[in-house]
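Next up, run.cif (mmCIF, C-alpha atoms):
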data_data
loop_
_atom_site.label_atom_id
_atom_site.label_comp_id
_atom_site.auth_asym_id
_atom_site.auth_seq_id
_atom_site.Cartn_x
_atom_site.Cartn_y
_atom_site.Cartn_z
CA MET A 1 0.00 0.00 0.00
CA LYS A 2 1.23 3.50 -0.81
CA TYR A 3 2.88 5.26 2.17
CA GLN A 4 3.49 1.88 3.82
CA GLU A 5 5.68 -0.26 1.54
CA GLU A 6 8.19 2.54 0.82
CA PHE A 7 8.74 2.91 4.56
CA ARG A 8 9.49 -0.82 4.96
CA ASP A 9 12.12 -0.89 2.22
CA SER A 10 15.18 -2.86 3.35
CA ARG A 11 17.66 -0.75 1.31
CA LYS A 12 16.49 2.37 3.11
CA VAL A 13 16.64 0.55 6.44
CA ARG A 14 20.22 -0.50 5.65
CA ALA A 15 21.21 3.08 4.78
CA ILE A 16 19.83 4.54 8.02
CA VAL A 17 21.32 1.75 10.15
CA ALA A 18 24.74 2.44 8.58
CA GLN A 19 24.41 6.10 9.50
CA ILE A 20 23.36 5.29 13.06
CA ARG A 21 26.32 2.91 13.42
CA LYS A 22 28.69 5.59 12.22
CA MET A 23 27.47 8.24 14.65
CA THR A 24 27.06 6.13 17.82
CA THR A 25 30.03 6.34 20.21
CA LYS A 26 28.33 5.81 23.59
CA HIS A 27 25.66 3.68 25.22
CA TRP A 28 22.28 5.41 24.86
CA ARG A 29 18.87 4.35 26.13
CA VAL A 30 15.95 5.47 23.99
CA MET A 31 12.36 4.82 25.02
CA GLU A 32 9.37 4.48 22.72
CA VAL A 33 5.98 5.16 24.30
CA CYS A 34 3.77 3.45 21.78
CA GLY A 35 2.73 -0.19 21.67
CA GLY A 36 2.57 -0.10 17.87
CA GLN A 37 6.20 1.01 17.74
CA THR A 38 7.22 -1.61 20.33
CA HIS A 39 5.57 -4.26 18.18
CA SER A 40 7.28 -2.99 14.99
CA ILE A 41 10.71 -2.84 16.66
CA LEU A 42 10.48 -6.50 17.68
CA LYS A 43 8.65 -7.75 14.61
CA TYR A 44 11.29 -6.33 12.24
CA GLY A 45 14.15 -7.05 14.65
CA LEU A 46 15.23 -3.38 14.69
CA ASP A 47 16.61 -3.81 18.20
CA GLU A 48 19.15 -6.28 16.79
CA LEU A 49 20.06 -4.19 13.74
CA VAL A 50 21.21 -1.15 15.69
CA PRO A 51 24.66 -1.02 17.33
CA ALA A 52 25.00 -2.90 20.63
CA GLY A 53 25.36 0.35 22.57
CA LEU A 54 21.89 1.49 21.57
CA GLU A 55 19.11 0.19 23.75
CA PHE A 56 15.37 0.40 23.13
CA LEU A 57 13.30 0.76 26.30
CA HIS A 58 9.62 -0.07 25.92
CA GLY A 59 7.52 2.45 27.84
CA PRO A 60 3.83 2.59 28.78
CA GLY A 61 2.62 2.81 25.19
CA CYS A 62 -0.21 0.32 25.08
CA PRO A 63 -3.57 1.68 26.29
CA ILE A 64 -5.09 -1.82 26.20
CA CYS A 65 -2.36 -3.05 28.55
CA VAL A 66 -2.79 -0.26 31.08
CA THR A 67 -6.60 -0.46 31.32
CA PRO A 68 -7.18 -1.21 35.02
CA THR A 69 -8.49 -4.66 35.97
CA GLU A 70 -11.45 -3.11 37.79
CA VAL A 71 -12.65 -1.37 34.61
CA ILE A 72 -12.48 -4.66 32.69
CA ASP A 73 -14.54 -6.19 35.51
CA LEU A 74 -17.16 -3.48 34.90
CA ALA A 75 -17.16 -4.37 31.20
CA LEU A 76 -17.73 -8.01 32.12
CA GLU A 77 -20.54 -7.08 34.49
CA LEU A 78 -22.29 -4.95 31.84
CA SER A 79 -21.92 -7.68 29.22
CA MET A 80 -23.81 -10.13 31.38
CA ARG A 81 -26.94 -7.94 31.54
CA GLU A 82 -29.61 -9.07 29.10
CA THR A 83 -30.66 -5.58 28.01
CA ILE A 84 -27.12 -4.60 27.05
CA LEU A 85 -25.23 -5.06 23.79
CA PHE A 86 -21.59 -4.50 24.74
CA CYS A 87 -19.26 -3.31 21.94
CA SER A 88 -15.48 -3.30 22.01
CA PHE A 89 -12.39 -3.12 19.82
CA GLY A 90 -11.11 -6.64 19.16
CA ASP A 91 -7.84 -6.09 21.06
CA MET A 92 -9.73 -5.56 24.31
CA LEU A 93 -11.64 -8.86 24.20
CA ARG A 94 -8.81 -11.10 25.36
CA VAL A 95 -7.59 -8.90 28.18
CA PRO A 96 -8.38 -10.57 31.49
CA GLY A 97 -10.17 -8.83 34.32
CA SER A 98 -9.78 -10.28 37.79
CA LYS A 99 -11.51 -13.56 36.82
CA GLU A 100 -12.02 -13.84 33.06
CA ASP A 101 -12.10 -11.95 29.76
CA LEU A 102 -14.82 -10.68 27.40
CA LEU A 103 -14.04 -13.34 24.78
CA SER A 104 -14.79 -16.26 27.12
CA LEU A 105 -17.97 -14.52 28.20
CA LYS A 106 -18.95 -14.09 24.55
CA ALA A 107 -18.29 -17.79 23.96
CA ARG A 108 -20.79 -18.49 26.76
CA GLY A 109 -23.43 -16.45 24.92
CA ALA A 110 -23.05 -12.92 26.34
CA ASN A 111 -24.12 -10.06 24.06
CA ILE A 112 -20.68 -8.87 23.05
CA GLN A 113 -19.96 -7.43 19.65
CA MET A 114 -16.52 -6.67 18.26
CA VAL A 115 -16.46 -3.41 16.31
CA TYR A 116 -13.84 -1.73 14.16
CA SER A 117 -14.98 1.79 15.04
CA PRO A 118 -16.98 3.41 17.86
CA LEU A 119 -19.17 4.84 15.08
CA ASP A 120 -20.22 1.26 14.26
CA ALA A 121 -21.44 0.95 17.86
CA VAL A 122 -23.59 4.06 17.35
CA LYS A 123 -25.09 2.44 14.22
CA LEU A 124 -25.89 -0.66 16.28
CA ALA A 125 -27.65 1.56 18.85
CA LYS A 126 -29.70 3.08 16.04
CA ASP A 127 -30.60 -0.34 14.62
CA HIS A 128 -31.43 -1.88 18.03
CA PRO A 129 -33.61 0.63 19.89
CA ASP A 130 -34.63 -2.17 22.28
CA LYS A 131 -31.02 -2.61 23.48
CA GLU A 132 -28.72 -0.45 25.53
CA VAL A 133 -25.50 -0.27 23.49
CA VAL A 134 -22.34 0.33 25.51
CA PHE A 135 -18.99 0.95 23.81
CA PHE A 136 -15.73 0.26 25.66
CA ALA A 137 -13.98 3.60 25.03
CA VAL A 138 -10.32 2.85 25.65
CA GLY A 139 -7.30 4.46 24.02
CA PHE A 140 -4.73 7.23 23.91
CA GLU A 141 -5.18 10.66 22.34
CA THR A 142 -5.22 8.92 18.92
CA THR A 143 -8.45 7.04 19.65
CA ALA A 144 -10.20 9.49 22.00
CA PRO A 145 -11.41 11.76 19.11
CA ALA A 146 -13.20 8.78 17.48
CA ASN A 147 -14.75 7.96 20.87
CA ALA A 148 -15.82 11.63 21.25
CA LEU A 149 -17.25 11.61 17.74
CA SER A 150 -19.42 8.60 18.61
CA VAL A 151 -20.97 10.55 21.49
CA LEU A 152 -21.55 13.56 19.22
CA HIS A 153 -23.17 11.31 16.61
CA ALA A 154 -25.43 9.72 19.25
CA ARG A 155 -26.49 13.17 20.42
CA GLN A 156 -27.16 14.41 16.92
CA LEU A 157 -29.24 11.30 16.19
CA GLY A 158 -31.12 11.72 19.47
CA LEU A 159 -30.13 8.22 20.64
CA ARG A 160 -30.77 7.60 24.32
CA ASN A 161 -29.63 3.98 24.25
CA TYR A 162 -25.91 4.66 23.61
CA SER A 163 -23.25 5.15 26.27
CA ILE A 164 -19.52 4.57 26.71
CA LEU A 165 -17.45 2.88 29.40
CA VAL A 166 -14.45 5.16 29.48
CA SER A 167 -10.80 4.38 30.23
CA GLN A 168 -8.72 6.82 28.18
CA VAL A 169 -5.11 7.68 28.92
CA LEU A 170 -2.81 10.56 28.00
CA VAL A 171 0.84 10.13 26.99
CA PRO A 172 2.63 13.30 28.25
CA PRO A 173 1.70 12.82 31.96
CA ALA A 174 3.06 9.25 31.75
CA ILE A 175 6.34 10.49 30.23
CA GLU A 176 6.52 13.14 32.93
CA GLY A 177 5.95 10.48 35.62
CA LEU A 178 8.90 8.51 34.23
CA LEU A 179 11.16 11.57 34.07
CA ARG A 180 10.36 12.50 37.66
CA ASN A 181 11.20 9.04 38.93
CA PRO A 182 14.79 9.15 40.25
CA GLU A 183 15.34 5.47 39.37
CA THR A 184 14.73 5.77 35.63
CA ARG A 185 17.60 6.15 33.17
CA ILE A 186 16.22 7.35 29.85
CA ASP A 187 18.40 9.42 27.49
CA ALA A 188 15.80 10.29 24.84
CA PHE A 189 12.23 9.52 23.77
CA LEU A 190 10.58 8.50 20.52
CA ALA A 191 7.17 10.20 20.64
CA ALA A 192 4.20 8.40 19.10
CA GLY A 193 3.32 9.81 15.69
CA HIS A 194 -0.43 9.34 15.77
CA VAL A 195 -0.86 10.73 19.28
CA CYS A 196 1.05 13.82 18.04
CA THR A 197 -1.02 13.87 14.83
CA ILE A 198 -3.97 14.73 17.09
CA MET A 199 -2.29 16.81 19.82
CA GLY A 200 0.59 18.48 17.96
CA GLU A 201 4.04 19.31 19.27
CA GLY A 202 3.27 21.68 22.19
CA ASP A 203 3.23 19.21 25.11
CA TYR A 204 6.46 17.61 23.88
CA GLU A 205 8.21 20.96 23.50
CA ARG A 206 7.37 21.59 27.15
CA LEU A 207 8.79 18.20 28.17
CA VAL A 208 12.02 18.92 26.25
CA GLU A 209 12.27 22.35 27.87
CA ASN A 210 11.39 21.27 31.43
CA TYR A 211 13.41 18.05 31.57
CA GLN A 212 16.18 18.84 29.06
CA ILE A 213 15.68 15.60 27.19
CA PRO A 214 15.75 15.10 23.39
CA ILE A 215 12.51 13.84 21.82
CA ALA A 216 11.88 12.75 18.22
CA ILE A 217 8.32 12.36 16.96
CA THR A 218 8.09 9.40 14.64
CA GLY A 219 5.83 6.89 12.90
CA PHE A 220 5.37 3.13 12.92
CA GLU A 221 7.11 1.69 9.89
CA PRO A 222 10.74 0.49 10.23
CA VAL A 223 12.09 3.45 8.25
CA ASP A 224 10.12 5.89 10.41
CA ILE A 225 11.28 4.33 13.68
CA LEU A 226 14.92 4.29 12.55
CA GLU A 227 14.69 7.89 11.32
CA GLY A 228 13.43 8.85 14.78
CA LEU A 229 16.24 6.88 16.40
CA ARG A 230 18.83 8.49 14.13
CA SER A 231 17.50 11.89 15.11
CA CYS A 232 17.76 11.00 18.84
CA VAL A 233 21.31 9.62 18.50
CA ASP A 234 22.39 12.67 16.53
CA MET A 235 21.05 14.98 19.26
CA LEU A 236 22.60 12.88 22.05
CA GLU A 237 26.02 12.63 20.41
CA THR A 238 26.15 16.39 19.66
CA GLY A 239 24.67 17.51 22.97
CA LYS A 240 21.62 19.07 21.35
CA VAL A 241 18.37 19.13 23.32
CA ALA A 242 15.34 19.66 21.08
CA LEU A 243 12.10 18.29 19.73
CA GLU A 244 12.47 16.96 16.20
CA ASN A 245 9.56 15.91 14.04
CA GLN A 246 10.45 12.94 11.83
CA TYR A 247 6.82 12.26 10.91
CA LYS A 248 5.88 15.47 9.15
CA ARG A 249 3.80 13.68 6.55
CA SER A 250 1.18 13.33 9.28
CA VAL A 251 2.12 15.52 12.28
CA ARG A 252 1.54 19.29 12.07
CA ALA A 253 2.93 21.57 14.79
CA ASN A 254 -0.57 22.40 16.04
CA GLY A 255 -1.91 18.84 15.60
CA ASN A 256 -5.45 18.32 14.33
CA PRO A 257 -7.61 21.26 15.49
CA ALA A 258 -10.94 19.65 14.51
CA ALA A 259 -10.15 16.52 16.54
CA GLN A 260 -8.95 18.61 19.50
CA GLN A 261 -12.21 20.56 19.36
CA ALA A 262 -14.22 17.31 19.63
CA LEU A 263 -12.09 16.22 22.61
CA LYS A 264 -12.63 19.55 24.34
CA GLU A 265 -16.37 19.46 23.68
CA VAL A 266 -16.94 15.97 25.13
CA PHE A 267 -14.15 15.15 27.60
CA GLU A 268 -12.22 16.63 30.49
CA VAL A 269 -8.81 15.78 31.95
CA LYS A 270 -8.96 13.67 35.10
CA ASN A 271 -6.75 11.53 37.30
CA GLN A 272 -6.44 8.02 35.92
CA ARG A 273 -5.25 4.63 37.13
CA TRP A 274 -2.87 2.71 34.87
CA ARG A 275 -2.52 -1.07 35.20
CA GLY A 276 1.08 -1.65 36.25
CA LEU A 277 1.79 1.98 37.17
CA GLY A 278 -0.99 3.04 39.55
CA GLU A 279 -2.75 6.41 39.59
CA LEU A 280 -1.17 9.27 37.66
CA SER A 281 -2.39 12.82 38.13
CA LYS A 282 -4.27 14.39 35.20
CA SER A 283 -3.42 11.46 32.95
CA GLY A 284 -6.88 10.47 31.70
CA LEU A 285 -9.87 11.76 29.74
CA GLY A 286 -13.41 11.26 31.05
CA LEU A 287 -16.79 12.64 29.94
CA ASN A 288 -17.35 16.22 31.09
CA GLU A 289 -20.44 17.53 32.91
CA LYS A 290 -22.32 18.25 29.65
CA TYR A 291 -22.13 14.64 28.47
CA GLN A 292 -22.69 12.71 31.73
CA GLU A 293 -25.77 10.98 30.29
CA TYR A 294 -23.44 9.05 27.95
CA ASP A 295 -21.34 7.72 30.84
CA ALA A 296 -22.14 3.99 31.12
CA ALA A 297 -20.73 3.73 34.66
CA ARG A 298 -23.09 6.47 35.81
CA LYS A 299 -26.06 5.29 33.74
CA PHE A 300 -25.88 1.76 35.16
CA ASN A 301 -24.77 2.76 38.69
CA LEU A 302 -21.42 1.05 38.57
CA ASN A 303 -18.47 1.79 40.76
CA ALA A 304 -15.09 0.50 39.67
CA GLY A 305 -13.51 0.67 43.12
CA HIS A 306 -9.87 -0.23 43.17
CA LYS A 307 -8.35 -3.68 42.89
CA LYS A 308 -4.87 -4.00 44.27
CA GLU A 309 -2.47 -5.67 41.88
CA THR A 310 -0.86 -8.71 43.42
CA GLY A 311 1.76 -11.30 42.54
CA ASN A 312 5.31 -11.17 41.28
CA CYS A 313 4.63 -9.33 38.03
CA ILE A 314 7.33 -6.79 37.15
CA SER A 315 5.30 -5.01 34.44
CA GLY A 316 5.51 -1.70 36.37
CA GLU A 317 9.31 -1.81 36.20
CA ILE A 318 9.18 -2.82 32.53
CA LEU A 319 6.88 0.11 31.71
CA MET A 320 9.36 2.44 33.43
CA GLY A 321 12.29 1.03 31.43
CA LEU A 322 13.96 -0.39 34.55
CA LYS A 323 13.67 -4.02 33.46
CA LYS A 324 13.23 -6.11 30.32
CA PRO A 325 10.66 -8.92 29.92
CA THR A 326 13.51 -11.43 29.90
CA ASP A 327 14.54 -10.25 33.40
CA CYS A 328 11.35 -11.77 34.80
CA PRO A 329 11.50 -15.34 36.16
CA GLU A 330 7.81 -15.80 35.27
CA PHE A 331 8.28 -14.80 31.59
CA CYS A 332 7.39 -17.81 29.38
CA ASN A 333 7.02 -19.91 32.50
CA ARG A 334 3.88 -19.15 34.45
CA CYS A 335 3.30 -15.96 32.40
CA HIS A 336 2.42 -16.23 28.71
CA PRO A 337 -0.29 -14.81 26.42
CA GLN A 338 -2.78 -17.52 27.42
CA ASN A 339 -2.15 -16.80 31.10
CA PRO A 340 -0.90 -13.21 31.40
CA LEU A 341 0.13 -12.22 34.90
CA GLY A 342 0.19 -8.50 34.22
CA ALA A 343 -0.17 -5.43 32.01
CA THR A 344 2.69 -6.00 29.57
CA MET A 345 1.60 -9.54 28.59
CA VAL A 346 -2.15 -8.93 28.10
CA SER A 347 -2.05 -7.40 24.61
CA GLU A 348 0.15 -7.99 21.53
CA GLU A 349 1.44 -4.45 21.85
CA GLY A 350 2.68 -5.00 25.38
CA ALA A 351 6.46 -5.48 25.66
CA CYS A 352 6.21 -8.97 27.23
CA HIS A 353 3.71 -10.20 24.65
CA ALA A 354 5.85 -8.84 21.78
CA TYR A 355 8.98 -10.49 23.29
CA TYR A 356 6.99 -13.72 23.60
CA LEU A 357 6.04 -13.59 19.91
CA TYR A 358 9.41 -12.59 18.48
CA LYS A 359 12.13 -13.34 20.99
CA LYS A 360 11.07 -16.43 22.92
CA ARG A 361 13.84 -18.99 22.69
CA GLY A 362 12.77 -22.21 21.02
CA ALA A 363 9.53 -20.77 19.68
CA HIS A 364 8.71 -23.15 16.82
CA ASN A 365 7.32 -20.35 14.69
CA HIS A 366 9.99 -17.84 15.65
CA GLU A 367 11.38 -17.30 12.16
CA GLN A 368 8.01 -17.26 10.41
CA HIS A 369 6.75 -14.69 12.87
CA ARG A 370 9.71 -12.44 12.62
CA MET A 371 9.89 -10.44 9.42
CA ARG A 372 13.57 -9.80 9.54
CA LEU A 373 14.98 -7.13 7.30
CA SER A 374 18.09 -8.77 5.96
CA ILE A 375 21.22 -6.69 6.36
CA MET B 1 -3.80 0.20 19.17
CA CYS B 2 -2.76 3.58 17.74
CA LEU B 3 -2.05 2.20 14.27
CA ALA B 4 -3.55 4.12 11.39
CA VAL B 5 -3.74 2.93 7.79
CA PRO B 6 -3.17 5.15 4.73
CA GLY B 7 -5.95 5.20 2.15
CA LYS B 8 -7.11 7.29 -0.81
CA ILE B 9 -10.41 9.19 -0.77
CA GLN B 10 -12.64 8.09 -3.68
CA SER B 11 -15.71 10.17 -2.87
CA TYR B 12 -17.45 11.81 0.06
CA GLU B 13 -20.74 13.28 1.18
CA GLY B 14 -22.33 14.82 4.27
CA GLU B 15 -21.17 17.74 6.36
CA GLU B 16 -19.41 18.49 9.62
CA ILE B 17 -19.47 15.55 12.04
CA LEU B 18 -21.35 13.40 9.52
CA ARG B 19 -18.86 13.97 6.67
CA GLU B 20 -18.20 10.47 5.36
CA GLY B 21 -16.21 9.15 2.45
CA THR B 22 -15.32 5.97 0.59
CA VAL B 23 -11.63 5.31 1.08
CA GLN B 24 -9.54 2.83 -0.90
CA PHE B 25 -6.98 0.76 1.04
CA GLY B 26 -5.11 -1.37 -1.51
CA SER B 27 -7.85 -3.55 -2.99
CA LEU B 28 -10.28 -2.84 -0.15
CA LYS B 29 -12.85 -0.01 0.03
CA LYS B 30 -14.30 1.20 3.31
CA LYS B 31 -16.58 3.94 4.63
CA VAL B 32 -14.57 6.39 6.72
CA ASN B 33 -15.63 9.43 8.71
CA LEU B 34 -13.87 12.56 7.40
CA ALA B 35 -15.03 15.11 10.01
CA PHE B 36 -11.49 15.70 11.31
CA VAL B 37 -9.93 16.30 7.87
CA PRO B 38 -12.17 19.11 6.61
CA ASP B 39 -9.75 20.13 3.84
CA ALA B 40 -9.22 16.60 2.44
CA GLU B 41 -10.64 16.15 -1.04
CA LYS B 42 -11.16 13.32 -3.51
CA GLY B 43 -7.77 11.87 -4.46
CA ASP B 44 -6.07 12.86 -1.20
CA TYR B 45 -4.48 10.24 1.04
CA VAL B 46 -5.60 10.15 4.66
CA LEU B 47 -4.49 8.15 7.70
CA VAL B 48 -7.44 6.24 9.13
CA HIS B 49 -7.74 5.05 12.72
CA ALA B 50 -10.85 3.30 14.13
CA GLY B 51 -12.99 4.31 11.17
CA VAL B 52 -12.04 7.97 11.41
CA ALA B 53 -9.50 9.87 9.29
CA ILE B 54 -7.05 11.60 11.65
CA SER B 55 -4.83 13.39 9.13
CA LYS B 56 -4.35 14.23 5.50
CA ILE B 57 -0.97 12.86 4.40
CA ASP B 58 1.39 15.58 3.26
CA GLU B 59 2.57 13.93 0.03
CA ALA B 60 5.34 16.47 -0.63
CA GLU B 61 6.78 15.79 2.84
CA ALA B 62 6.63 12.01 2.34
CA LEU B 63 8.43 12.36 -0.99
CA ARG B 64 11.07 14.66 0.49
CA VAL B 65 11.96 12.04 3.14
CA LEU B 66 12.03 9.21 0.58
CA ASN B 67 14.23 11.22 -1.81
CA GLU B 68 16.62 12.11 0.99
CA LEU B 69 16.91 8.44 1.84
CA GLU B 70 17.46 7.48 -1.82
CA SER B 71 20.55 9.66 -1.80
CA LEU B 72 21.88 7.85 1.29
CA GLU B 73 21.62 4.38 -0.23
CA GLU B 74 24.73 2.82 -1.65
#
Give the structure from the file, written as structure tokens.
Amino acid sequence: MKYQEEFRDSRKVRAIVAQIRKMTTKHWRVMEVCGGQTHSILKYGLDELVPAGLEFLHGPGCPICVTPTEVIDLALELSMRETILFCSFGDMLRVPGSKEDLLSLKARGANIQMVYSPLDAVKLAKDHPDKEVVFFAVGFETTAPANALSVLHARQLGLRNYSILVSQVLVPPAIEGLLRNPETRIDAFLAAGHVCTIMGEGDYERLVENYQIPIAITGFEPVDILEGLRSCVDMLETGKVALENQYKRSVRANGNPAAQQALKEVFEVKNQRWRGLGELSKSGLGLNEKYQEYDAARKFNLNAGHKKETGNCISGEILMGLKKPTDCPEFCNRCHPQNPLGATMVSEEGACHAYYLYKKRGAHNHEQHRMRLSI
Amino acid sequence: MCLAVPGKIQSYEGEEILREGTVQFGSLKKKVNLAFVPDAEKGDYVLVHAGVAISKIDEAEALRVLNELESLEE
């Protein structure tokens, strides 16, 4: 597909890797905060193409992974009610709550529908006036505008049987949390291209300024990720501290004003719990006062409460870049995609799940899975 | 989760939040909401996430990067 294949071209990958090799003289730790990028890095083996001194850290970039267990339990509870048709993105269906996941509930006959877009859930509400349609509105800033748009559509259509169960997270407060933690050692960040497509460069300029750390905005294809990495290494090696945009084909300095307007109309910033990291101040988006009637938790009198995370899972330390999945004694032992013990194993875009798919020793399908770019 | 797929606008209708178009992704055509790309026209490429176009691809910028990389290759 145009604008995809060109950015997976192995000759271009080889050229950028050669440049990165030439310019790298020290050990640098660069963190991506995007599950899609984490997945690409491991799928294409980019972590093994770059010089040994360059280390990718996989930050809290997967909104599916960080959705708190108690919110998934609410989703399960809603799905079991006969009057409700519960709609969710496919990725969310296999994520376990405290006892089970939506997919097993669906297999037992619960009214759960996988949708590609929240707007499809609105259409279902229109077509099924006898049902209460609830959409599981998870996601980062990339997805929140589509979630907001679904609420605006429902209002315009006068639908009273549509609501959303909200668990939306914001990237900059998570980055800030990592930078404030005295234990973390991160030299530069790759910022997620589609989050910035919506929000623009402003928040990241402030992070660069306040924490004196280089950041490169980049996309998801191997060439994009390596271009972002090259930009970070160049800044680190020359002592430059700046925000560089390596994804200008999609990211404008002011982001997407129409999408921001929809976010502002429907949502407000609130404190948010992240699975694996705990509560982070002003790191979530919930429905504002004007749109409370679309809040499923309020409509159906649900209270998420707070479930304490237990066990030996080190996903919190992985999300902060302090440990790697392979540092965990449970990795590929008790913890695997069919029995995830924590945030980073629950979705394919979590670091542990991606390591399981592409790095697990002895995996019979290891080579088929891994689309290595020969170099 | 934040992945977005590039596609080409074939046609569109409707206004404001209901602006919707047919977008071609390789051999596949899909209905996509175009409310957040008000200046995107037929023939433009957009990045689509969860059924909603989130940006119009700046083709000149994409070409500039690709040309720069061409010159780096051996």
Notebook entry, point to check: Got a sec to resolve the PyMOL selection byres ((chain B and resi 6) around 9) on this structure and send the residues as a count of residues only?
Noted result: 15
Checklist line | Point-to-point distance from CA of Arg94 (chain A) to CA of Val32 (chain B), Å rounded to tenths | finding: 26.2 Å
Notebook entry, point to check: Could you name the residues that touch region 156-169 of chain A at 7 Å or less, counting all atoms listed in the file, but leaving out those on the same chain fewer than 4 positions away, as a PyMOL selection string?
Noted result: chain A and resi 63+67+122+125-126+129+131-140+144+152+283-286+294-297
Next item on the list: Mind giving me the straight-line distance from CA of Asp203 (chain A) to CA of Val171 (chain A) in Å, one decimal?
Entry: 9.6 Å
Can you build me a table of chain A residues sitting at most 8 Å from chain B, with the closest atom pair per residue and its distance in Å to one decimal, using only C-alpha atoms, sorted by chain and residue number, as CSV?
residue,atom,partner,partner_atom,distance
A:Met1,CA,B:Gly26,CA,5.5
A:Lys2,CA,B:Pro6,CA,7.3
A:Tyr3,CA,B:Pro6,CA,6.6
A:Gln4,CA,B:Pro6,CA,7.5
A:Glu6,CA,B:Leu66,CA,7.7
A:Arg11,CA,B:Glu73,CA,6.7
A:Lys12,CA,B:Leu69,CA,6.2
A:Arg14,CA,B:Glu73,CA,7.8
A:Ala15,CA,B:Glu73,CA,5.2
A:Ile16,CA,B:Leu72,CA,7.8
A:Cys34,CA,B:Cys2,CA,7.7
A:Gly35,CA,B:Met1,CA,7.0
A:Gly36,CA,B:Leu3,CA,6.3
A:Cys62,CA,B:Met1,CA,6.9
A:Pro63,CA,B:Met1,CA,7.3
A:Ile64,CA,B:Met1,CA,7.4
A:Asp91,CA,B:Met1,CA,7.7
A:Tyr116,CA,B:Ala50,CA,5.9
A:Ser117,CA,B:Ala50,CA,4.5
A:Pro118,CA,B:Ala50,CA,7.2
A:Leu119,CA,B:Gly51,CA,7.3
A:Gly139,CA,B:Met1,CA,7.3
A:Phe140,CA,B:Cys2,CA,7.4
A:Thr142,CA,B:Cys2,CA,6.0
A:Thr143,CA,B:Cys2,CA,6.9
A:Ala146,CA,B:Val52,CA,6.2
A:Leu149,CA,B:Ile17,CA,7.3
A:Leu152,CA,B:Ile17,CA,7.7
A:His153,CA,B:Ile17,CA,7.2
A:His194,CA,B:Cys2,CA,6.5
A:Val195,CA,B:Cys2,CA,7.6
A:Thr197,CA,B:Ser55,CA,6.9
A:Ile198,CA,B:Ile54,CA,7.0
A:Phe220,CA,B:Leu3,CA,7.6
A:Lys248,CA,B:Glu61,CA,6.4
A:Arg249,CA,B:Asp58,CA,4.5
A:Ser250,CA,B:Ile57,CA,5.4
A:Val251,CA,B:Ser55,CA,7.9
A:Asn256,CA,B:Ser55,CA,7.2
A:Pro257,CA,B:Phe36,CA,8.0
A:Ala258,CA,B:Phe36,CA,5.1
A:Ala259,CA,B:Phe36,CA,5.5
A:Glu349,CA,B:Met1,CA,7.5
Go ahead and save the residues from that selection, with C-alpha atoms, as a short mmCIF file (atom, residue, chain, number, x, y, z; two decimals), in the coordinates of the input.
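Below you can see result-v5.cif, which holds the result:
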data_model
loop_
_atom_site.label_atom_id
_atom_site.label_comp_id
_atom_site.auth_asym_id
_atom_site.auth_seq_id
_atom_site.Cartn_x
_atom_site.Cartn_y
_atom_site.Cartn_z
CA MET A 1 0.00 0.00 0.00
CA LYS A 2 1.23 3.50 -0.81
CA TYR A 3 2.88 5.26 2.17
CA GLN A 4 3.49 1.88 3.82
CA GLU A 6 8.19 2.54 0.82
CA ARG A 11 17.66 -0.75 1.31
CA LYS A 12 16.49 2.37 3.11
CA ARG A 14 20.22 -0.50 5.65
CA ALA A 15 21.21 3.08 4.78
CA ILE A 16 19.83 4.54 8.02
CA CYS A 34 3.77 3.45 21.78
CA GLY A 35 2.73 -0.19 21.67
CA GLY A 36 2.57 -0.10 17.87
CA CYS A 62 -0.21 0.32 25.08
CA PRO A 63 -3.57 1.68 26.29
CA ILE A 64 -5.09 -1.82 26.20
CA ASP A 91 -7.84 -6.09 21.06
CA TYR A 116 -13.84 -1.73 14.16
CA SER A 117 -14.98 1.79 15.04
CA PRO A 118 -16.98 3.41 17.86
CA LEU A 119 -19.17 4.84 15.08
CA GLY A 139 -7.30 4.46 24.02
CA PHE A 140 -4.73 7.23 23.91
CA THR A 142 -5.22 8.92 18.92
CA THR A 143 -8.45 7.04 19.65
CA ALA A 146 -13.20 8.78 17.48
CA LEU A 149 -17.25 11.61 17.74
CA LEU A 152 -21.55 13.56 19.22
CA HIS A 153 -23.17 11.31 16.61
CA HIS A 194 -0.43 9.34 15.77
CA VAL A 195 -0.86 10.73 19.28
CA THR A 197 -1.02 13.87 14.83
CA ILE A 198 -3.97 14.73 17.09
CA PHE A 220 5.37 3.13 12.92
CA LYS A 248 5.88 15.47 9.15
CA ARG A 249 3.80 13.68 6.55
CA SER A 250 1.18 13.33 9.28
CA VAL A 251 2.12 15.52 12.28
CA ASN A 256 -5.45 18.32 14.33
CA PRO A 257 -7.61 21.26 15.49
CA ALA A 258 -10.94 19.65 14.51
CA ALA A 259 -10.15 16.52 16.54
CA GLU A 349 1.44 -4.45 21.85
#
Note to self: Just to confirm, what's the straight-line distance from CA of Gly90 (chain A) to CA of Met114 (chain A) in Å (one decimal)?
What the structure shows: 5.5 Å
Note to self: For Tyr355 (chain A), find every residue with an atom within 8 Å (counting only C-alpha atoms), except residues of its own chain fewer than 4 positions away, and show them as number ranges by chain.
What the structure shows: A: 42, 325, 351, 359-360
Margin query: For this structure, which residues satisfy the selection - the PyMOL selection byres ((chain A and resi 273) around 9) - when it is evaluated on the file as given? I want them as a VMD selection string.
Written below: chain A and resid 66 to 68 167 169 271 to 272 274 to 281 283 to 284
Check: Once the PyMOL selection byres ((chain B and resi 12) around 10) has been applied to the shown file, what residues remain in the selection, as a PyMOL selection string?
Finding: chain B and resi 9-11+13-15+19-23+31-34+40-42
